[in-house]
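Down below is the structure, laid out as structure tokens.
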Amino acid sequence: MKSLAAHIDTLEPRRFSGRITAVNGMMVEASGPASALELGARGAAQTRHGPVSCEVVGFRGSHALMMPFGPMEGMRAGTRMDIDPDGAFVRPSSAWLGRVVDAFGTPLDDGPPLINGMHAYRLRGRPPAAHTRTRVGERMDTGVRAINTFTQICKGQRMGVFAGSGVGKSVLMSMLAKNADCDVTVIGLIGERGREVKEFIDDVLGPEGLKRAVVVVATSDEPALKRRQAAQLTLTISEFFRDQGKHVLCLMDSVTRFAMAQREIGLAAGEPPTTRGYTPSVFNELPRLLERAGPGRRTDGRPEGAITGIFTVLVDGDDHNEPIADAARGILDGHIVMERAIAERGRFPAINILKSISRTMPGCCRDDELPLIKEARRALADYADMEELIRLGAYARGSNEGVDRAIALNEPLEAFLAQSKEEATSTEESFHRLRAIMGDNNGPEQPVV
């Protein structure tokens, strides 16, 4: 009843309406009261097939340019448009845990209707002011050995997972969803293949993982506005649980599909294309979305919530310097690079340790761990520098002591970095295994070729 009363208090007593004046491609032109038609305002076109939700994305003269959230069949000039100037907001609650929802917060599973909370959260929320935020917290146990040791993630940090298609980033995200040490997991599947959604929920998360998770889904066949809103809803739900003092792990797959959705919207609204067809609004919306993750505000005596964000970036043509990857790398607090060549030789997760970095290291490491990490990285780097010569048999053992040690350590380190998706290893156990490998100075005898 309290939630219902709070909802009634926020209702707009006035009703605004307008008319569709033209339909061009994916864009609907509408006229109506100037006080109601503003950027972000919502409307419902009353077609003969039922209402179709739309959003104002631009203007042409005195007419609003609106994009629909659904099929445009039945729209025509003169159709009535009911307008809501307040834009979009949701009322998350703890009852959303264990549920699968769409971009509007409507259940997609077979469960009962969602119980809404008392407080309204805008979908296009703003991050806390920089000077009010706490610092990142202690390191988080992810269950993945390569991350726990070489690219450690702290509570409230934002990391990017950069990979081409089919390299295994979704599987890595599933390992984090199941094994990471957090209170709540909010997962955004943006532009995902419809076939994979059910598999991810049933096989990857499972009943135990879903209990502490909220999954937001917008498949690749849905309109661009819906895909963009699904990403925004993922952060909005995360902000709700953060405000409850929870440590939230926000997983989004992928930021690139969010950018592609924004590109579609921008091009339809008449924005000029820039680098690789991306419009200027894409590079404005990316930081607005990603900055919402991170540490929460400083509080007086209350538990400090935080959003640890892990966002996948689908690099175009395995080009890690393409525009979205480059922009995301400059916003996030580190990057985990996955390479196709590593996946092709059968090592998963296919993380390239030498190209991956966490900007909170070495601050979150213990003093006895840093020399170990540096030594292991040096061995991996020495082997990578001489790999072609070693494989061709052109390197003579004894020529370089560091390379000899790297050859001896290569196979044990590769076995350490490889991990099945069903396996979870704690941070302490990860370092215990790494010490055991690096402590053997000579290593097992390995053939040079």
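By convention here, the chains of the structure tokens are called A, B, ... in the order presented, each chain's residues are numbered starting at 1, and ligands are numbered starting at 1 in the order presented.
Non-sequential neighbours of A:Tyr278 (distance at most 9 Å, separation of 3 or more positions within a chain, only C-alpha atoms) are Ala259, Met260, Gln262, Arg263, Glu264, Gly266, Leu267, Pro272, Pro273, Thr274, Thr275, Ser281, Val282, Phe283, Pro323 and Ile324 of chain A.
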Task: Option closest in space to A:Pro127, from A:Arg397, A:Arg195, A:Arg297, A:His432 [counting only C-alpha atoms] - done: A:Arg297
Counting only C-alpha atoms, give me one row per residue of stretch 93-201 of chain A with an atom at most 12 Å from an atom of stretch 46-70 of chain A, showing the shortest contact pair and its distance in Å to one decimal, sorted by chain then residue number, as CSV.
```
residue,atom,partner,partner_atom,distance
A:Asp102,CA,A:Phe69,CA,11.8
A:Ala103,CA,A:Phe69,CA,9.8
A:Phe104,CA,A:Phe69,CA,10.1
```
Generate a file of the selected residues that holds all heavy atoms, formatted as a compact mmCIF listing (two decimals), in the first residue's frame.
```txt
# COMPACT_ATOMS: atom_id res chain seq x y z
N ASP A 102 12.42 -7.38 -19.18
CA ASP A 102 12.78 -6.72 -20.43
C ASP A 102 13.18 -5.28 -20.15
O ASP A 102 13.36 -4.87 -19.00
CB ASP A 102 11.63 -6.81 -21.44
CG ASP A 102 10.40 -6.01 -21.01
OD1 ASP A 102 10.45 -5.31 -19.97
OD2 ASP A 102 9.38 -6.08 -21.73
N ALA A 103 13.30 -4.47 -21.20
CA ALA A 103 13.80 -3.10 -21.05
C ALA A 103 12.85 -2.20 -20.27
O ALA A 103 13.26 -1.15 -19.79
CB ALA A 103 14.05 -2.50 -22.44
N PHE A 104 11.59 -2.62 -20.12
CA PHE A 104 10.61 -1.82 -19.36
C PHE A 104 10.45 -2.34 -17.93
O PHE A 104 9.63 -1.80 -17.17
CB PHE A 104 9.26 -1.85 -20.06
CG PHE A 104 9.24 -1.13 -21.37
CD1 PHE A 104 9.37 -1.84 -22.56
CD2 PHE A 104 9.10 0.24 -21.44
CE1 PHE A 104 9.36 -1.19 -23.78
CE2 PHE A 104 9.09 0.91 -22.65
CZ PHE A 104 9.21 0.19 -23.82
```
Task: Near-A:Lys155 list (9 Å; only C-alpha atoms; drop same-chain fewer than 5 positions) as a PyMOL selection string - done: chain A and resi 136-140+182+247-249+294-295+306-308
- [ ] Please provide as a ChimeraX atom specification all residues within 7 Å of A:Gly160, with the sequence filter that same-chain residues fewer than 5 positions apart are discarded (counting only C-alpha atoms).
- [x] /A:310-313,332,334-336
- [ ] Return the single residue from A:Ser174, A:Thr149, A:Gln157, A:Thr236 that is closest to A:Gly206, with distances computed using only C-alpha atoms.
- [x] A:Ser174
Open item on the list: Please return, as a PyMOL selection string, all residues of stretch 173-307 of chain A that DSSP assigns to alpha helix (DSSP H) on the basis of the backbone.
Closed with: chain A and resi 173-179+194-199+206-211+224-243+255-268+280-290
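Between atom CA of A:Glu369 and atom CA of A:Asp404 the interatomic distance comes to 23.3 Å.
Comparing A:Ala224, A:Arg292, A:His119, A:Met175 by their smallest distance to A:Asp203, the closest is A:Met175 (using only C-alpha atoms).
Atom pair atom CA of A:Arg276 / atom CA of A:Ala231 has a distance of 22.1 Å (rounded to one decimal).
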Show which residues sit within 12 Å of A:Asp202, as a PDB file with all heavy atoms, in the first residue's frame. Count only C-alpha atoms, and ignore same-chain residues fewer than 5 positions away.
```pdb
ATOM      1  N   GLY A  98      16.145 -12.714  -8.696  1.00  0.00           N
ATOM      2  CA  GLY A  98      15.728 -14.006  -9.230  1.00  0.00           C
ATOM      3  C   GLY A  98      14.824 -13.903 -10.440  1.00  0.00           C
ATOM      4  O   GLY A  98      14.314 -14.922 -10.907  1.00  0.00           O
ATOM      5  N   VAL A 100      13.782 -12.328 -14.481  1.00  0.00           N
ATOM      6  CA  VAL A 100      14.262 -11.940 -15.808  1.00  0.00           C
ATOM      7  C   VAL A 100      13.267 -10.939 -16.363  1.00  0.00           C
ATOM      8  O   VAL A 100      12.068 -11.221 -16.431  1.00  0.00           O
ATOM      9  CB  VAL A 100      14.378 -13.162 -16.744  1.00  0.00           C
ATOM     10  CG1 VAL A 100      14.941 -12.749 -18.097  1.00  0.00           C
ATOM     11  CG2 VAL A 100      15.235 -14.238 -16.113  1.00  0.00           C
ATOM     12  N   ASP A 109       9.954 -14.045 -17.491  1.00  0.00           N
ATOM     13  CA  ASP A 109       9.863 -15.431 -17.037  1.00  0.00           C
ATOM     14  C   ASP A 109       8.399 -15.765 -16.745  1.00  0.00           C
ATOM     15  O   ASP A 109       7.499 -14.981 -17.012  1.00  0.00           O
ATOM     16  CB  ASP A 109      10.762 -15.659 -15.816  1.00  0.00           C
ATOM     17  CG  ASP A 109      10.531 -14.608 -14.730  1.00  0.00           C
ATOM     18  OD1 ASP A 109       9.447 -13.979 -14.720  1.00  0.00           O
ATOM     19  OD2 ASP A 109      11.430 -14.392 -13.893  1.00  0.00           O
ATOM     20  N   SER A 174      29.970 -15.467 -17.656  1.00  0.00           N
ATOM     21  CA  SER A 174      29.180 -16.445 -16.902  1.00  0.00           C
ATOM     22  C   SER A 174      29.951 -16.965 -15.697  1.00  0.00           C
ATOM     23  O   SER A 174      29.368 -17.203 -14.635  1.00  0.00           O
ATOM     24  CB  SER A 174      28.775 -17.601 -17.819  1.00  0.00           C
ATOM     25  OG  SER A 174      29.898 -18.413 -18.153  1.00  0.00           O
ATOM     26  N   GLU A 196      20.472 -17.841 -27.103  1.00  0.00           N
ATOM     27  CA  GLU A 196      21.417 -18.018 -26.012  1.00  0.00           C
ATOM     28  C   GLU A 196      20.888 -17.551 -24.658  1.00  0.00           C
ATOM     29  O   GLU A 196      21.483 -17.859 -23.638  1.00  0.00           O
ATOM     30  CB  GLU A 196      22.721 -17.262 -26.332  1.00  0.00           C
ATOM     31  CG  GLU A 196      23.484 -17.843 -27.506  1.00  0.00           C
ATOM     32  CD  GLU A 196      24.791 -17.120 -27.752  1.00  0.00           C
ATOM     33  OE1 GLU A 196      24.970 -16.026 -27.182  1.00  0.00           O
ATOM     34  OE2 GLU A 196      25.621 -17.647 -28.511  1.00  0.00           O
ATOM     35  N   VAL A 197      19.792 -16.794 -24.662  1.00  0.00           N
ATOM     36  CA  VAL A 197      19.304 -16.236 -23.405  1.00  0.00           C
ATOM     37  C   VAL A 197      18.870 -17.341 -22.453  1.00  0.00           C
ATOM     38  O   VAL A 197      19.262 -17.380 -21.278  1.00  0.00           O
ATOM     39  CB  VAL A 197      18.144 -15.255 -23.668  1.00  0.00           C
ATOM     40  CG1 VAL A 197      17.506 -14.820 -22.355  1.00  0.00           C
ATOM     41  CG2 VAL A 197      18.638 -14.037 -24.435  1.00  0.00           C
ATOM     42  N   PRO A 207      19.762 -22.263 -10.932  1.00  0.00           N
ATOM     43  CA  PRO A 207      18.860 -21.765  -9.875  1.00  0.00           C
ATOM     44  C   PRO A 207      19.590 -21.021  -8.765  1.00  0.00           C
ATOM     45  O   PRO A 207      19.102 -20.003  -8.272  1.00  0.00           O
ATOM     46  CB  PRO A 207      18.195 -23.051  -9.350  1.00  0.00           C
ATOM     47  CG  PRO A 207      18.344 -24.049 -10.445  1.00  0.00           C
ATOM     48  CD  PRO A 207      19.618 -23.717 -11.134  1.00  0.00           C
ATOM     49  N   GLU A 208      20.773 -21.498  -8.358  1.00  0.00           N
ATOM     50  CA  GLU A 208      21.493 -20.846  -7.265  1.00  0.00           C
ATOM     51  C   GLU A 208      22.014 -19.472  -7.679  1.00  0.00           C
ATOM     52  O   GLU A 208      21.926 -18.511  -6.928  1.00  0.00           O
ATOM     53  CB  GLU A 208      22.657 -21.737  -6.803  1.00  0.00           C
ATOM     54  CG  GLU A 208      22.223 -22.994  -6.071  1.00  0.00           C
ATOM     55  CD  GLU A 208      21.406 -22.676  -4.830  1.00  0.00           C
ATOM     56  OE1 GLU A 208      21.784 -21.755  -4.077  1.00  0.00           O
ATOM     57  OE2 GLU A 208      20.385 -23.351  -4.622  1.00  0.00           O
ATOM     58  N   GLY A 209      22.569 -19.384  -8.888  1.00  0.00           N
ATOM     59  CA  GLY A 209      23.068 -18.099  -9.357  1.00  0.00           C
ATOM     60  C   GLY A 209      21.960 -17.093  -9.585  1.00  0.00           C
ATOM     61  O   GLY A 209      22.121 -15.898  -9.327  1.00  0.00           O
ATOM     62  N   LEU A 210      20.798 -17.578 -10.039  1.00  0.00           N
ATOM     63  CA  LEU A 210      19.689 -16.669 -10.333  1.00  0.00           C
ATOM     64  C   LEU A 210      19.076 -16.091  -9.064  1.00  0.00           C
ATOM     65  O   LEU A 210      18.492 -15.003  -9.096  1.00  0.00           O
ATOM     66  CB  LEU A 210      18.623 -17.411 -11.145  1.00  0.00           C
ATOM     67  CG  LEU A 210      17.482 -16.579 -11.740  1.00  0.00           C
ATOM     68  CD1 LEU A 210      18.026 -15.490 -12.653  1.00  0.00           C
ATOM     69  CD2 LEU A 210      16.499 -17.469 -12.486  1.00  0.00           C
ATOM     70  N   VAL A 215      18.242 -10.300 -14.221  1.00  0.00           N
ATOM     71  CA  VAL A 215      18.702 -10.378 -15.603  1.00  0.00           C
ATOM     72  C   VAL A 215      17.813  -9.496 -16.471  1.00  0.00           C
ATOM     73  O   VAL A 215      16.586  -9.635 -16.456  1.00  0.00           O
ATOM     74  CB  VAL A 215      18.679 -11.829 -16.131  1.00  0.00           C
ATOM     75  CG1 VAL A 215      19.237 -11.890 -17.544  1.00  0.00           C
ATOM     76  CG2 VAL A 215      19.479 -12.749 -15.211  1.00  0.00           C
TER      77      VAL A 215
END
```
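Interatomic distance, atom CA of A:Asp367 to atom CA of A:Gly156: 22.0 Å.
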- [ ] Find the residues near A:Phe240: any atom within 10 Å, counting only C-alpha atoms, skip ones fewer than 6 places away on the same chain, and give them as JSON, numbers by chain.
- [x] {"A": [91, 92, 93, 94, 117, 119, 120, 121, 246, 248, 305]}
Residues near stretch 409-422 of chain A, cut-off 8 Å, only C-alpha atoms, skip fewer than 2 positions along chain, as an mmCIF file with N, CA and C atoms, in the first residue's frame:
```cif
data_model
loop_
_atom_site.group_PDB
_atom_site.id
_atom_site.type_symbol
_atom_site.label_atom_id
_atom_site.label_comp_id
_atom_site.auth_asym_id
_atom_site.auth_seq_id
_atom_site.Cartn_x
_atom_site.Cartn_y
_atom_site.Cartn_z
ATOM 1 N N VAL A 144 38.209 -16.589 -10.921
ATOM 2 C CA VAL A 144 38.981 -16.842 -12.142
ATOM 3 C C VAL A 144 40.455 -16.582 -11.838
ATOM 4 N N ARG A 145 41.296 -17.586 -11.999
ATOM 5 C CA ARG A 145 42.700 -17.487 -11.587
ATOM 6 C C ARG A 145 43.429 -16.360 -12.296
ATOM 7 N N ALA A 146 43.249 -16.236 -13.606
ATOM 8 C CA ALA A 146 43.975 -15.221 -14.368
ATOM 9 C C ALA A 146 43.643 -13.818 -13.877
ATOM 10 N N VAL A 171 31.368 -16.589 -22.015
ATOM 11 C CA VAL A 171 31.657 -17.660 -21.059
ATOM 12 C C VAL A 171 32.395 -17.095 -19.845
ATOM 13 N N LEU A 172 33.337 -16.172 -20.092
ATOM 14 C CA LEU A 172 34.033 -15.532 -18.973
ATOM 15 C C LEU A 172 33.054 -14.766 -18.092
ATOM 16 N N SER A 174 29.970 -15.467 -17.656
ATOM 17 C CA SER A 174 29.180 -16.445 -16.902
ATOM 18 C C SER A 174 29.951 -16.965 -15.697
ATOM 19 N N MET A 175 31.273 -17.126 -15.833
ATOM 20 C CA MET A 175 32.096 -17.567 -14.700
ATOM 21 C C MET A 175 32.073 -16.519 -13.595
ATOM 22 N N ARG A 347 43.264 -22.643 -25.240
ATOM 23 C CA ARG A 347 43.357 -22.214 -23.841
ATOM 24 C C ARG A 347 42.238 -21.222 -23.535
ATOM 25 N N PHE A 348 41.370 -21.597 -22.596
ATOM 26 C CA PHE A 348 40.256 -20.740 -22.174
ATOM 27 C C PHE A 348 40.310 -20.563 -20.660
ATOM 28 N N PRO A 349 39.977 -19.380 -20.132
ATOM 29 C CA PRO A 349 39.656 -18.169 -20.870
ATOM 30 C C PRO A 349 40.874 -17.640 -21.622
ATOM 31 N N ALA A 350 40.628 -17.117 -22.836
ATOM 32 C CA ALA A 350 41.714 -16.728 -23.736
ATOM 33 C C ALA A 350 42.209 -15.320 -23.413
ATOM 34 N N ALA A 379 58.390 -13.780 -17.187
ATOM 35 C CA ALA A 379 58.558 -15.073 -17.855
ATOM 36 C C ALA A 379 57.652 -15.182 -19.078
ATOM 37 N N LEU A 380 56.406 -14.712 -18.937
ATOM 38 C CA LEU A 380 55.480 -14.734 -20.072
ATOM 39 C C LEU A 380 55.963 -13.819 -21.191
ATOM 40 N N TYR A 383 59.038 -15.338 -23.042
ATOM 41 C CA TYR A 383 58.642 -16.417 -23.954
ATOM 42 C C TYR A 383 57.958 -15.842 -25.191
ATOM 43 N N ARG A 405 64.546 -19.981 -18.594
ATOM 44 C CA ARG A 405 63.565 -20.111 -17.499
ATOM 45 C C ARG A 405 62.145 -19.942 -18.039
ATOM 46 N N ALA A 406 61.960 -19.027 -18.974
ATOM 47 C CA ALA A 406 60.626 -18.818 -19.547
ATOM 48 C C ALA A 406 60.140 -20.070 -20.274
ATOM 49 N N ILE A 407 61.039 -20.759 -20.982
ATOM 50 C CA ILE A 407 60.676 -21.996 -21.680
ATOM 51 C C ILE A 407 60.234 -23.059 -20.674
ATOM 52 N N ALA A 424 36.060 -23.040 -10.086
ATOM 53 C CA ALA A 424 36.241 -21.762 -9.387
ATOM 54 C C ALA A 424 37.436 -21.889 -8.453
ATOM 55 N N ARG A 433 48.909 -21.588 -5.942
ATOM 56 C CA ARG A 433 49.313 -22.349 -7.131
ATOM 57 C C ARG A 433 50.411 -21.615 -7.909
ATOM 58 N N LEU A 434 50.298 -20.298 -8.006
ATOM 59 C CA LEU A 434 51.298 -19.538 -8.747
ATOM 60 C C LEU A 434 52.659 -19.600 -8.044
ATOM 61 N N ILE A 437 54.389 -22.818 -8.836
ATOM 62 C CA ILE A 437 54.985 -22.831 -10.176
ATOM 63 C C ILE A 437 56.275 -22.018 -10.214
ATOM 64 N N MET A 438 56.211 -20.810 -9.688
ATOM 65 C CA MET A 438 57.360 -19.917 -9.789
ATOM 66 C C MET A 438 58.461 -20.278 -8.799
ATOM 67 N N GLY A 443 62.211 -25.565 -13.040
ATOM 68 C CA GLY A 443 61.015 -25.996 -13.746
ATOM 69 C C GLY A 443 61.219 -27.379 -14.344
ATOM 70 N N PRO A 444 60.164 -27.972 -14.809
ATOM 71 C CA PRO A 444 60.284 -29.286 -15.446
ATOM 72 C C PRO A 444 61.033 -29.196 -16.761
#
```
When DSSP works through the backbone of this structure, what residues of stretch 54-117 of chain A end up as strand (DSSP E or B), shown as a CSV table (one decimal) with all heavy atoms, in the first residue's frame?
```csv
chain,number,residue,atom,x,y,z
A,54,CYS,N,6.6,5.3,-27.8
A,54,CYS,CA,7.6,6.0,-28.5
A,54,CYS,C,8.3,6.9,-27.6
A,54,CYS,O,7.9,7.2,-26.5
A,54,CYS,CB,6.9,6.9,-29.7
A,54,CYS,SG,5.9,5.9,-30.8
A,55,GLU,N,9.5,7.4,-28.1
A,55,GLU,CA,10.3,8.4,-27.3
A,55,GLU,C,10.7,9.5,-28.2
A,55,GLU,O,11.1,9.3,-29.4
A,55,GLU,CB,11.5,7.7,-26.7
A,55,GLU,CG,12.4,8.7,-25.8
A,55,GLU,CD,13.5,8.0,-25.2
A,55,GLU,OE1,13.4,6.8,-24.8
A,55,GLU,OE2,14.6,8.6,-25.1
A,56,VAL,N,10.7,10.7,-27.7
A,56,VAL,CA,11.2,11.9,-28.4
A,56,VAL,C,12.7,11.9,-28.5
A,56,VAL,O,13.3,11.9,-27.4
A,56,VAL,CB,10.7,13.2,-27.8
A,56,VAL,CG1,11.2,14.4,-28.6
A,56,VAL,CG2,9.1,13.3,-27.8
A,57,VAL,N,13.3,11.9,-29.7
A,57,VAL,CA,14.7,11.8,-29.8
A,57,VAL,C,15.3,13.0,-30.6
A,57,VAL,O,16.5,13.2,-30.7
A,57,VAL,CB,15.2,10.5,-30.6
A,57,VAL,CG1,14.8,9.3,-29.8
A,57,VAL,CG2,14.5,10.5,-32.0
A,58,GLY,N,14.4,13.9,-31.0
A,58,GLY,CA,14.8,15.1,-31.7
A,58,GLY,C,13.7,15.9,-32.2
A,58,GLY,O,12.5,15.6,-31.9
A,59,PHE,N,13.9,17.0,-32.9
A,59,PHE,CA,12.9,17.9,-33.4
A,59,PHE,C,13.2,18.3,-34.8
A,59,PHE,O,14.4,18.4,-35.3
A,59,PHE,CB,12.8,19.2,-32.5
A,59,PHE,CG,12.3,18.9,-31.1
A,59,PHE,CD1,13.2,18.6,-30.1
A,59,PHE,CD2,10.9,18.9,-30.9
A,59,PHE,CE1,12.7,18.3,-28.8
A,59,PHE,CE2,10.5,18.6,-29.6
A,59,PHE,CZ,11.3,18.3,-28.6
A,60,ARG,N,12.2,18.5,-35.6
A,60,ARG,CA,12.3,19.1,-36.9
A,60,ARG,C,11.3,20.3,-37.0
A,60,ARG,O,10.1,20.0,-37.1
A,60,ARG,CB,12.0,18.1,-38.0
A,60,ARG,CG,12.1,18.7,-39.4
A,60,ARG,CD,11.9,17.6,-40.5
A,60,ARG,NE,13.0,16.6,-40.5
A,60,ARG,CZ,12.9,15.3,-40.5
A,60,ARG,NH1,11.7,14.8,-40.4
A,60,ARG,NH2,13.9,14.5,-40.5
A,63,HIS,N,7.8,20.2,-34.9
A,63,HIS,CA,7.4,18.8,-34.7
A,63,HIS,C,8.4,18.0,-34.0
A,63,HIS,O,9.7,18.2,-34.2
A,63,HIS,CB,7.1,18.2,-36.1
A,63,HIS,CG,5.8,18.8,-36.7
A,63,HIS,ND1,5.4,18.4,-38.0
A,63,HIS,CD2,5.0,19.7,-36.3
A,63,HIS,CE1,4.3,19.1,-38.3
A,63,HIS,NE2,4.0,19.9,-37.3
A,64,ALA,N,8.0,17.1,-33.2
A,64,ALA,CA,8.9,16.2,-32.5
A,64,ALA,C,9.2,15.0,-33.3
A,64,ALA,O,8.3,14.4,-34.0
A,64,ALA,CB,8.3,15.8,-31.1
A,65,LEU,N,10.4,14.5,-33.3
A,65,LEU,CA,10.8,13.3,-34.0
A,65,LEU,C,10.8,12.2,-32.9
A,65,LEU,O,11.6,12.3,-31.9
A,65,LEU,CB,12.2,13.4,-34.6
A,65,LEU,CG,12.4,14.5,-35.6
A,65,LEU,CD1,13.8,14.6,-36.1
A,65,LEU,CD2,11.4,14.3,-36.8
A,66,MET,N,10.0,11.2,-33.1
A,66,MET,CA,9.9,10.1,-32.1
A,66,MET,C,10.2,8.8,-32.8
A,66,MET,O,10.0,8.5,-34.0
A,66,MET,CB,8.4,10.1,-31.6
A,66,MET,CG,7.9,11.4,-31.1
A,66,MET,SD,6.3,11.3,-30.3
A,66,MET,CE,6.7,10.6,-28.7
A,67,MET,N,10.8,7.9,-32.0
A,67,MET,CA,11.1,6.5,-32.4
A,67,MET,C,10.3,5.6,-31.6
A,67,MET,O,10.1,5.7,-30.4
A,67,MET,CB,12.6,6.2,-32.2
A,67,MET,CG,13.5,6.8,-33.3
A,67,MET,SD,15.2,6.2,-33.3
A,67,MET,CE,14.9,4.5,-34.0
A,68,PRO,N,9.8,4.5,-32.2
A,68,PRO,CA,8.9,3.5,-31.5
A,68,PRO,C,9.7,2.5,-30.8
A,68,PRO,O,10.8,2.1,-31.2
A,68,PRO,CB,8.0,3.0,-32.6
A,68,PRO,CG,8.9,3.0,-33.8
A,68,PRO,CD,9.8,4.3,-33.7
A,80,ARG,N,-3.7,9.5,-33.0
A,80,ARG,CA,-3.6,10.2,-31.7
A,80,ARG,C,-2.3,9.7,-31.0
A,80,ARG,O,-2.1,8.5,-30.9
A,80,ARG,CB,-4.8,10.0,-30.9
A,80,ARG,CG,-4.8,10.8,-29.5
A,80,ARG,CD,-6.2,10.9,-28.9
A,80,ARG,NE,-6.7,9.5,-28.6
A,80,ARG,CZ,-6.5,8.9,-27.4
A,80,ARG,NH1,-5.8,9.5,-26.5
A,80,ARG,NH2,-7.0,7.7,-27.2
A,81,MET,N,-1.6,10.6,-30.3
A,81,MET,CA,-0.4,10.3,-29.5
A,81,MET,C,-0.6,10.9,-28.1
A,81,MET,O,-0.7,12.1,-27.9
A,81,MET,CB,0.8,11.0,-30.2
A,81,MET,CG,2.1,10.7,-29.4
A,81,MET,SD,2.8,9.1,-29.6
A,81,MET,CE,3.4,9.1,-31.3
A,82,ASP,N,-0.8,10.0,-27.2
A,82,ASP,CA,-0.8,10.4,-25.7
A,82,ASP,C,0.6,10.6,-25.2
A,82,ASP,O,1.4,9.7,-25.4
A,82,ASP,CB,-1.5,9.3,-24.9
A,82,ASP,CG,-3.0,9.1,-25.3
A,82,ASP,OD1,-3.6,10.1,-25.8
A,82,ASP,OD2,-3.5,8.0,-25.2
A,83,ILE,N,0.8,11.7,-24.6
A,83,ILE,CA,2.2,12.1,-24.3
A,83,ILE,C,2.4,12.2,-22.8
A,83,ILE,O,1.6,12.7,-22.0
A,83,ILE,CB,2.5,13.5,-24.9
A,83,ILE,CG1,2.3,13.5,-26.4
A,83,ILE,CG2,3.9,14.0,-24.6
A,83,ILE,CD1,2.2,14.9,-27.0
A,84,ASP,N,3.5,11.6,-22.3
A,84,ASP,CA,3.9,11.7,-20.9
A,84,ASP,C,5.2,12.5,-20.8
A,84,ASP,O,6.3,11.9,-21.2
A,84,ASP,CB,4.1,10.3,-20.4
A,84,ASP,CG,4.6,10.2,-18.9
A,84,ASP,OD1,4.6,11.3,-18.3
A,84,ASP,OD2,5.0,9.2,-18.4
A,89,PHE,N,10.8,6.0,-15.9
A,89,PHE,CA,11.4,5.7,-14.6
A,89,PHE,C,10.8,4.3,-14.2
A,89,PHE,O,9.8,3.8,-14.7
A,89,PHE,CB,11.1,6.7,-13.5
A,89,PHE,CG,9.6,7.0,-13.3
A,89,PHE,CD1,8.9,6.2,-12.4
A,89,PHE,CD2,8.9,8.0,-13.9
A,89,PHE,CE1,7.6,6.4,-12.1
A,89,PHE,CE2,7.6,8.2,-13.7
A,89,PHE,CZ,6.9,7.4,-12.8
A,90,VAL,N,11.5,3.7,-13.3
A,90,VAL,CA,11.1,2.4,-12.8
A,90,VAL,C,11.2,2.4,-11.2
A,90,VAL,O,11.8,3.3,-10.7
A,90,VAL,CB,12.0,1.2,-13.3
A,90,VAL,CG1,11.7,1.0,-14.8
A,90,VAL,CG2,13.4,1.5,-13.0
A,99,ARG,N,14.6,-12.7,-11.0
A,99,ARG,CA,13.7,-12.5,-12.1
A,99,ARG,C,14.4,-12.1,-13.4
A,99,ARG,O,15.5,-11.6,-13.3
A,99,ARG,CB,12.7,-11.4,-11.7
A,99,ARG,CG,11.9,-11.7,-10.5
A,99,ARG,CD,11.1,-13.0,-10.5
A,99,ARG,NE,10.2,-13.0,-11.6
A,99,ARG,CZ,8.9,-12.6,-11.5
A,99,ARG,NH1,8.5,-12.1,-10.3
A,99,ARG,NH2,8.1,-12.6,-12.5
A,100,VAL,N,13.8,-12.3,-14.5
A,100,VAL,CA,14.3,-11.9,-15.8
A,100,VAL,C,13.3,-10.9,-16.4
A,100,VAL,O,12.1,-11.2,-16.4
A,100,VAL,CB,14.4,-13.2,-16.7
A,100,VAL,CG1,14.9,-12.7,-18.1
A,100,VAL,CG2,15.2,-14.2,-16.1
A,101,VAL,N,13.8,-9.8,-16.7
A,101,VAL,CA,12.9,-8.7,-17.2
A,101,VAL,C,13.3,-8.1,-18.5
A,101,VAL,O,14.5,-8.3,-18.9
A,101,VAL,CB,12.8,-7.5,-16.1
A,101,VAL,CG1,12.3,-8.0,-14.8
A,101,VAL,CG2,14.2,-6.9,-16.0
A,107,PRO,N,8.2,-8.6,-16.5
A,107,PRO,CA,8.8,-10.0,-16.4
A,107,PRO,C,8.7,-10.7,-17.7
A,107,PRO,O,7.8,-10.7,-18.5
A,107,PRO,CB,7.9,-10.6,-15.4
A,107,PRO,CG,7.2,-9.5,-14.6
A,107,PRO,CD,7.1,-8.4,-15.6
```
Open item on the list: Here is a test: counting only C-alpha atoms, which residue of A:Leu314, A:Ala180, A:Met338, A:Ala376 is nearest to A:Glu192?
Closed with: A:Leu314
